$ cat start.cif   # mmCIF, C-alpha atoms
data_entry
#
loop_
_atom_site.label_atom_id
_atom_site.label_comp_id
_atom_site.auth_asym_id
_atom_site.auth_seq_id
_atom_site.Cartn_x
_atom_site.Cartn_y
_atom_site.Cartn_z
CA MET A 28 0.00 0.00 0.00
CA THR A 29 1.14 3.52 -0.69
CA SER A 30 -0.28 6.90 0.21
CA ASP A 31 -0.94 9.75 -2.21
CA GLU A 32 2.53 11.10 -1.37
CA GLY A 33 4.20 7.82 -2.37
CA THR A 34 5.23 6.89 1.18
CA HIS A 35 5.43 3.13 1.68
CA ILE A 36 3.41 1.51 4.41
CA HIS A 37 5.15 -1.76 5.22
CA ARG A 38 3.01 -4.87 5.44
CA GLY A 39 2.68 -6.14 9.00
CA THR A 40 3.62 -2.82 10.54
CA GLN A 41 0.90 -1.20 12.57
CA PRO A 42 0.75 2.27 14.10
CA VAL A 43 1.70 2.36 17.77
CA LEU A 44 -0.41 4.53 20.06
CA THR A 45 0.40 4.72 23.75
CA ARG A 46 -1.77 7.06 25.77
CA GLY A 47 0.20 8.93 28.42
CA GLY A 48 -2.09 7.84 31.23
CA GLU A 49 -1.83 4.20 30.17
CA ALA A 50 1.95 3.98 29.68
CA GLU A 51 3.76 1.67 32.08
CA THR A 52 5.86 3.62 34.54
CA CYS A 53 9.04 2.33 36.10
CA ALA A 54 11.52 4.10 38.31
CA ASP A 55 15.01 3.90 39.70
CA PRO A 56 16.66 6.40 42.03
CA SER A 57 17.70 8.60 39.11
CA ALA A 58 14.53 8.82 37.03
CA VAL A 59 10.90 8.00 36.50
CA MET A 60 10.35 6.49 33.07
CA LYS A 61 7.15 6.27 31.04
CA LEU A 62 7.45 3.39 28.59
CA PHE A 63 5.88 4.20 25.20
CA ALA A 64 6.95 1.65 22.55
CA ASP A 65 9.41 -1.23 22.68
CA ALA A 66 10.97 -3.22 19.85
CA ALA A 67 8.26 -5.89 19.90
CA GLN A 68 5.62 -3.24 19.15
CA THR A 69 7.61 -1.50 16.40
CA GLY A 70 8.93 -4.49 14.47
CA GLY A 71 12.38 -3.69 15.86
CA ALA A 72 12.43 -0.20 14.32
CA PHE A 73 12.76 1.73 17.58
CA THR A 74 12.21 1.84 21.33
CA SER A 75 10.90 5.01 23.00
CA TYR A 76 10.35 6.20 26.55
CA ARG A 77 10.30 9.42 28.56
CA SER A 78 12.69 9.94 31.48
CA THR A 79 12.04 12.56 34.13
CA PHE A 80 15.04 13.37 36.33
CA THR A 81 14.70 15.34 39.55
CA GLU A 82 17.26 18.02 40.38
CA GLY A 83 20.48 16.31 41.45
CA ALA A 84 19.50 12.94 39.95
CA ALA A 85 22.48 10.74 39.10
CA GLY A 86 21.32 9.63 35.65
CA ALA A 87 23.21 7.01 33.63
CA PRO A 88 26.91 6.23 34.08
CA ALA A 89 29.28 6.20 31.12
CA HIS A 90 28.32 3.52 28.62
CA PHE A 91 27.96 2.83 24.91
CA HIS A 92 25.82 0.75 22.58
CA THR A 93 27.29 -1.36 19.77
CA ARG A 94 24.21 -1.47 17.53
CA ALA A 95 21.81 1.31 18.49
CA TRP A 96 21.69 5.06 18.09
CA GLU A 97 20.38 6.74 21.24
CA LEU A 98 18.36 9.90 20.61
CA PHE A 99 17.54 12.54 23.22
CA PHE A 100 15.01 15.37 22.94
CA VAL A 101 14.84 17.65 25.97
CA LEU A 102 11.21 18.42 26.74
CA GLY A 103 12.00 20.52 29.81
CA GLY A 104 14.83 21.49 32.13
CA SER A 105 18.46 20.74 31.28
CA LEU A 106 20.43 17.53 30.80
CA GLN A 107 24.19 17.30 31.32
CA VAL A 108 25.72 14.86 28.84
CA LEU A 109 29.08 13.19 28.35
CA LEU A 110 29.60 12.73 24.63
CA GLY A 111 32.87 10.98 23.88
CA GLU A 112 35.50 13.32 25.35
CA ASP A 113 33.22 16.34 25.80
CA VAL A 114 30.65 17.35 28.39
CA THR A 115 27.80 19.60 27.32
CA ILE A 116 24.44 20.74 28.60
CA LEU A 117 21.28 20.26 26.59
CA HIS A 118 18.39 22.64 27.26
CA GLN A 119 14.68 22.50 26.52
CA GLY A 120 14.17 22.01 22.79
CA ASP A 121 17.67 20.58 22.18
CA PHE A 122 18.11 17.29 20.31
CA LEU A 123 21.08 14.92 20.42
CA ALA A 124 21.71 11.73 18.43
CA VAL A 125 24.48 9.51 19.81
CA PRO A 126 25.86 7.00 17.27
CA PRO A 127 26.82 3.42 18.17
CA ARG A 128 30.11 2.89 20.02
CA THR A 129 30.19 6.48 21.33
CA PRO A 130 30.72 6.61 25.10
CA HIS A 131 28.08 8.77 26.74
CA ALA A 132 26.48 9.45 30.11
CA PHE A 133 23.79 11.82 31.29
CA ARG A 134 22.09 13.32 34.31
CA ALA A 135 19.99 16.32 35.25
CA ALA A 136 22.24 19.36 34.86
CA PRO A 137 23.41 20.92 38.13
CA GLY A 138 20.62 23.08 39.57
CA SER A 139 18.03 21.69 37.17
CA ALA A 140 15.57 18.86 36.68
CA ALA A 141 15.27 17.28 33.22
CA ASP A 142 12.43 15.82 31.19
CA VAL A 143 13.71 13.88 28.18
CA LEU A 144 12.22 11.83 25.36
CA CYS A 145 14.58 8.93 24.59
CA VAL A 146 14.55 6.81 21.43
CA PHE A 147 16.76 3.85 20.47
CA THR A 148 17.02 2.78 16.87
CA PRO A 149 17.07 0.03 15.91
CA GLY A 150 14.80 -1.00 18.75
CA MET A 151 15.73 -3.56 21.36
CA ASP A 152 14.15 -4.95 24.53
CA ARG A 153 15.00 -1.76 26.37
CA PHE A 154 11.99 -1.94 28.69
CA ASP A 155 13.32 -5.21 30.16
CA TYR A 156 16.62 -3.42 30.83
CA LEU A 157 14.88 -0.49 32.54
CA ARG A 158 12.87 -2.89 34.71
CA LEU A 159 16.08 -4.79 35.61
CA LEU A 160 17.84 -1.52 36.45
CA GLY A 161 15.02 -0.67 38.86
CA ARG A 162 15.28 -4.07 40.55
CA VAL A 163 19.07 -3.73 40.88
CA THR A 164 18.86 -0.23 42.37
CA ARG A 165 16.18 -1.38 44.84
CA GLY A 166 18.46 -4.27 45.93
CA GLU A 167 16.15 -6.96 44.53
CA GLU A 168 18.84 -8.23 42.15
CA PRO A 169 22.66 -8.03 42.36
CA PRO A 170 24.51 -5.40 40.28
CA SER A 171 26.30 -8.26 38.49
CA ARG A 172 23.03 -8.87 36.57
CA LEU A 173 23.67 -5.69 34.58
CA ALA A 174 27.05 -6.97 33.39
CA GLU A 175 25.56 -10.40 32.64
CA THR A 176 22.97 -8.82 30.34
CA SER A 177 25.17 -6.26 28.57
CA GLU A 178 25.05 -8.09 25.22
CA ARG A 179 21.31 -8.74 25.36
CA PHE A 180 20.51 -5.10 26.10
CA ASP A 181 23.45 -3.63 24.12
CA ASN A 182 24.46 -1.58 27.14
CA HIS A 183 28.20 -1.63 27.86
CA TYR A 184 29.53 0.35 30.83
CA VAL A 185 32.91 2.06 30.51
CA ASP A 186 35.13 4.13 32.77
CA SER A 187 35.26 7.84 31.96
CA PRO A 188 37.71 9.89 34.02
CA LEU A 189 36.14 13.03 32.50
CA TRP A 190 32.62 12.05 33.64
CA ARG A 191 33.90 11.07 37.11
CA ALA A 192 35.62 14.48 37.42
CA THR A 193 32.45 16.23 36.23
CA LEU A 194 30.37 14.46 38.86
CA GLU A 195 32.92 15.16 41.61
CA ALA A 196 33.12 18.85 40.70
CA SER A 197 29.41 19.33 41.24
CA ALA A 198 29.16 17.21 44.41
#

$ encode --input "start.cif" --output "structure tokens"
Amino acid sequence: MTSDEGTHIHRGTQPVLTRGGEAETCADPSAVMKLFADAAQTGGAFTSYRSTFTEGAAGAPAHFHTRAWELFFVLGGSLQVLLGEDVTILHQGDFLAVPPRTPHAFRAAPGSAADVLCVFTPGMDRFDYLRLLGRVTRGEEPPSRLAETSERFDNHYVDSPLWRATLEASA
């Protein structure tokens, strides 16, 4: 099927509608996440969720993905981001696309909260990772589970002296 504009509609792909009030919510000490669409719903095209960080929230440590791009759109507040060997602050309305294998980390910028739409493409079972992260931070599962699942969730933690120094400077 094609529309009047010539845009292809792929067979087997259905629109995904997640109403805000019906989205699953999960939380860890750094953020509350509203889960919108995971890979199973999008035919693997993308995964999307909204993360709301309170002021001073720790966010995600330095990590990279081998297969996925991670996209950030700041809906409100400010997000401090490690991007390779640079640290920058994204403000409301800013967009960032992090390519595979690029070390990155993020947190609410000092003195600010942050509300961020996150998208991974291609999609993966990211919601299972977010649920696991919540269980680990609540002490329901050991931290070693994160390392054990790094390939499945394409989430590989790395050491970043720059990010450590950035966190220490604002402590």

$ closest_residue --input "start.cif" --among "A:Pro88, A:Ala64, A:Phe180, A:Leu123" --to "Leu157 (chain A)" --atoms "only C-alpha atoms"
A:Phe180

$ residues_around --input "start.cif" --residues "Val101 (chain A)" --least-positions-apart "3" --cutoff "6 Å" --atoms "all atoms listed in the file" --output "list in words"
Gln119, Gly120, Asp121 and Val143 of chain A

$ resolve_selection --input "start.cif" --expression "the PyMOL selection byres ((chain A and resi 132) around 7)" --output "list in words"
Ala87, Pro88, Ala89, His90, Val108, Leu109, His131 and Phe133 of chain A

$ write_last_selection --input "start.cif" --atoms "C-alpha atoms" --output "PDB file, in the coordinates of the input"
ATOM      1  CA  ALA A  87      23.210   7.010  33.630  1.00  0.00           C
ATOM      2  CA  PRO A  88      26.910   6.230  34.080  1.00  0.00           C
ATOM      3  CA  ALA A  89      29.280   6.200  31.120  1.00  0.00           C
ATOM      4  CA  HIS A  90      28.320   3.520  28.620  1.00  0.00           C
ATOM      5  CA  VAL A 108      25.720  14.860  28.840  1.00  0.00           C
ATOM      6  CA  LEU A 109      29.080  13.190  28.350  1.00  0.00           C
ATOM      7  CA  HIS A 131      28.080   8.770  26.740  1.00  0.00           C
ATOM      8  CA  PHE A 133      23.790  11.820  31.290  1.00  0.00           C
TER       9      PHE A 133
END

$ resolve_selection --input "start.cif" --expression "the PyMOL selection byres ((chain A and resi 97) around 8)" --output "short mmCIF file (atom, residue, chain, number, x, y, z; two decimals) with C-alpha atoms, in the frame of the given file"
data_model
loop_
_atom_site.label_atom_id
_atom_site.label_comp_id
_atom_site.auth_asym_id
_atom_site.auth_seq_id
_atom_site.Cartn_x
_atom_site.Cartn_y
_atom_site.Cartn_z
CA ALA A 95 21.81 1.31 18.49
CA TRP A 96 21.69 5.06 18.09
CA LEU A 98 18.36 9.90 20.61
CA PHE A 99 17.54 12.54 23.22
CA ALA A 124 21.71 11.73 18.43
CA VAL A 125 24.48 9.51 19.81
CA PRO A 126 25.86 7.00 17.27
CA PRO A 127 26.82 3.42 18.17
CA CYS A 145 14.58 8.93 24.59
CA VAL A 146 14.55 6.81 21.43
CA PHE A 147 16.76 3.85 20.47
CA THR A 148 17.02 2.78 16.87
#

$ closest_atom_pairs --input "start.cif" --of "region 105-196 of chain A" --to "region 73-80 of chain A" --cutoff "12 Å" --atoms "all atoms listed in the file" --output "CSV"
residue,atom,partner,partner_atom,distance
A:Ser105,CA,A:Phe80,CA,9.6
A:Leu106,CA,A:Phe80,CA,8.8
A:Gln107,CA,A:Phe80,CA,11.1
A:Phe133,CA,A:Phe80,CA,10.2
A:Arg134,CA,A:Phe80,CA,7.3
A:Ala135,CA,A:Phe80,CA,5.9
A:Ala136,CA,A:Phe80,CA,9.5
A:Pro137,CA,A:Phe80,CA,11.4
A:Gly138,CA,A:Phe80,CA,11.7
A:Ser139,CA,A:Phe80,CA,8.9
A:Ala140,CA,A:Phe80,CA,5.5
A:Ala141,CA,A:Phe80,CA,5.0
A:Asp142,CA,A:Thr79,CA,4.4
A:Val143,CA,A:Ser78,CA,5.2
A:Leu144,CA,A:Arg77,CA,4.4
A:Cys145,CA,A:Tyr76,CA,5.4
A:Val146,CA,A:Ser75,CA,4.4
A:Phe147,CA,A:Thr74,CA,5.0
A:Thr148,CA,A:Phe73,CA,4.4
A:Pro149,CA,A:Phe73,CA,4.9
A:Gly150,CA,A:Phe73,CA,3.6
A:Met151,CA,A:Thr74,CA,6.4
A:Asp152,CA,A:Thr74,CA,7.8
A:Arg153,CA,A:Thr74,CA,6.8
A:Phe154,CA,A:Thr74,CA,8.3
A:Asp155,CA,A:Thr74,CA,11.4
A:Tyr156,CA,A:Thr74,CA,11.7
A:Leu157,CA,A:Tyr76,CA,10.1
A:Phe180,CA,A:Thr74,CA,11.8

$ closest_residue --input "start.cif" --among "A:Asp55, A:Asp186, A:Glu178, A:Glu167" --to "Gly86 (chain A)" --atoms "all atoms listed in the file"
A:Asp55

$ resolve_selection --input "start.cif" --expression "the PyMOL selection byres ((chain A and resi 45) around 12)" --output "PyMOL selection string"
chain A and resi 42-44+46-51+61-65+68+75-77

$ closest_residue --input "start.cif" --among "A:Glu112, A:Ala198, A:Leu159, A:Pro188" --to "Arg172 (chain A)" --atoms "all atoms listed in the file"
A:Leu159

$ atom_distance --input "start.cif" --atom1 "CA of Leu160 (chain A)" --atom2 "CA of Ala84 (chain A)"
15.0 Å

$ build_atoms --input "start.cif" --residues "region 65-76 of chain A" --atoms "all heavy atoms" --output "JSON list (two decimals), in the frame of the given file"
[["chain", "number", "residue", "atom", "x", "y", "z"],
["A", 65, "ASP", "N", 8.21, -0.41, 22.67],
["A", 65, "ASP", "CA", 9.41, -1.23, 22.68],
["A", 65, "ASP", "C", 9.55, -1.93, 21.33],
["A", 65, "ASP", "O", 8.64, -1.90, 20.49],
["A", 65, "ASP", "CB", 9.34, -2.25, 23.82],
["A", 65, "ASP", "CG", 10.71, -2.58, 24.41],
["A", 65, "ASP", "OD1", 11.73, -2.13, 23.88],
["A", 65, "ASP", "OD2", 10.74, -3.29, 25.44],
["A", 66, "ALA", "N", 10.66, -2.59, 21.13],
["A", 66, "ALA", "CA", 10.97, -3.22, 19.85],
["A", 66, "ALA", "C", 9.88, -4.18, 19.38],
["A", 66, "ALA", "O", 9.58, -4.23, 18.19],
["A", 66, "ALA", "CB", 12.32, -3.93, 19.93],
["A", 67, "ALA", "N", 9.29, -4.92, 20.29],
["A", 67, "ALA", "CA", 8.26, -5.89, 19.90],
["A", 67, "ALA", "C", 7.05, -5.19, 19.27],
["A", 67, "ALA", "O", 6.38, -5.76, 18.41],
["A", 67, "ALA", "CB", 7.82, -6.71, 21.11],
["A", 68, "GLN", "N", 6.76, -3.98, 19.69],
["A", 68, "GLN", "CA", 5.62, -3.24, 19.15],
["A", 68, "GLN", "C", 5.93, -2.53, 17.84],
["A", 68, "GLN", "O", 5.03, -2.17, 17.11],
["A", 68, "GLN", "CB", 5.16, -2.19, 20.17],
["A", 68, "GLN", "CG", 4.67, -2.76, 21.48],
["A", 68, "GLN", "CD", 4.61, -1.68, 22.53],
["A", 68, "GLN", "OE1", 5.63, -1.23, 23.01],
["A", 68, "GLN", "NE2", 3.40, -1.27, 22.86],
["A", 69, "THR", "N", 7.22, -2.30, 17.57],
["A", 69, "THR", "CA", 7.61, -1.50, 16.40],
["A", 69, "THR", "C", 8.31, -2.33, 15.33],
["A", 69, "THR", "O", 8.93, -1.77, 14.43],
["A", 69, "THR", "CB", 8.54, -0.35, 16.82],
["A", 69, "THR", "OG1", 9.78, -0.88, 17.30],
["A", 69, "THR", "CG2", 7.89, 0.54, 17.88],
["A", 70, "GLY", "N", 8.24, -3.64, 15.44],
["A", 70, "GLY", "CA", 8.93, -4.49, 14.47],
["A", 70, "GLY", "C", 10.43, -4.30, 14.52],
["A", 70, "GLY", "O", 11.13, -4.51, 13.54],
["A", 71, "GLY", "N", 10.94, -3.89, 15.69],
["A", 71, "GLY", "CA", 12.38, -3.69, 15.86],
["A", 71, "GLY", "C", 12.88, -2.34, 15.37],
["A", 71, "GLY", "O", 14.08, -2.07, 15.42],
["A", 72, "ALA", "N", 11.99, -1.49, 14.88],
["A", 72, "ALA", "CA", 12.43, -0.20, 14.32],
["A", 72, "ALA", "C", 12.98, 0.74, 15.38],
["A", 72, "ALA", "O", 13.98, 1.42, 15.17],
["A", 72, "ALA", "CB", 11.27, 0.47, 13.59],
["A", 73, "PHE", "N", 12.31, 0.81, 16.53],
["A", 73, "PHE", "CA", 12.76, 1.73, 17.58],
["A", 73, "PHE", "C", 12.18, 1.32, 18.92],
["A", 73, "PHE", "O", 11.27, 0.51, 19.01],
["A", 73, "PHE", "CB", 12.39, 3.18, 17.26],
["A", 73, "PHE", "CG", 10.90, 3.46, 17.27],
["A", 73, "PHE", "CD1", 10.26, 3.87, 18.44],
["A", 73, "PHE", "CD2", 10.14, 3.29, 16.12],
["A", 73, "PHE", "CE1", 8.89, 4.10, 18.45],
["A", 73, "PHE", "CE2", 8.78, 3.54, 16.13],
["A", 73, "PHE", "CZ", 8.15, 3.94, 17.30],
["A", 74, "THR", "N", 12.71, 1.92, 19.96],
["A", 74, "THR", "CA", 12.21, 1.84, 21.33],
["A", 74, "THR", "C", 12.13, 3.28, 21.83],
["A", 74, "THR", "O", 13.03, 4.07, 21.56],
["A", 74, "THR", "CB", 13.16, 1.04, 22.23],
["A", 74, "THR", "OG1", 13.23, -0.30, 21.74],
["A", 74, "THR", "CG2", 12.73, 1.04, 23.68],
["A", 75, "SER", "N", 11.05, 3.63, 22.55],
["A", 75, "SER", "CA", 10.90, 5.01, 23.00],
["A", 75, "SER", "C", 10.31, 5.07, 24.40],
["A", 75, "SER", "O", 9.38, 4.32, 24.73],
["A", 75, "SER", "CB", 10.00, 5.79, 22.04],
["A", 75, "SER", "OG", 9.88, 7.14, 22.46],
["A", 76, "TYR", "N", 10.86, 5.96, 25.20],
["A", 76, "TYR", "CA", 10.35, 6.20, 26.55],
["A", 76, "TYR", "C", 10.71, 7.63, 26.97],
["A", 76, "TYR", "O", 11.53, 8.30, 26.35],
["A", 76, "TYR", "CB", 10.87, 5.18, 27.56],
["A", 76, "TYR", "CG", 12.37, 5.10, 27.66],
["A", 76, "TYR", "CD1", 13.06, 5.83, 28.62],
["A", 76, "TYR", "CD2", 13.10, 4.28, 26.81],
["A", 76, "TYR", "CE1", 14.44, 5.75, 28.72],
["A", 76, "TYR", "CE2", 14.48, 4.20, 26.90],
["A", 76, "TYR", "CZ", 15.15, 4.94, 27.86],
["A", 76, "TYR", "OH", 16.51, 4.86, 27.95]]
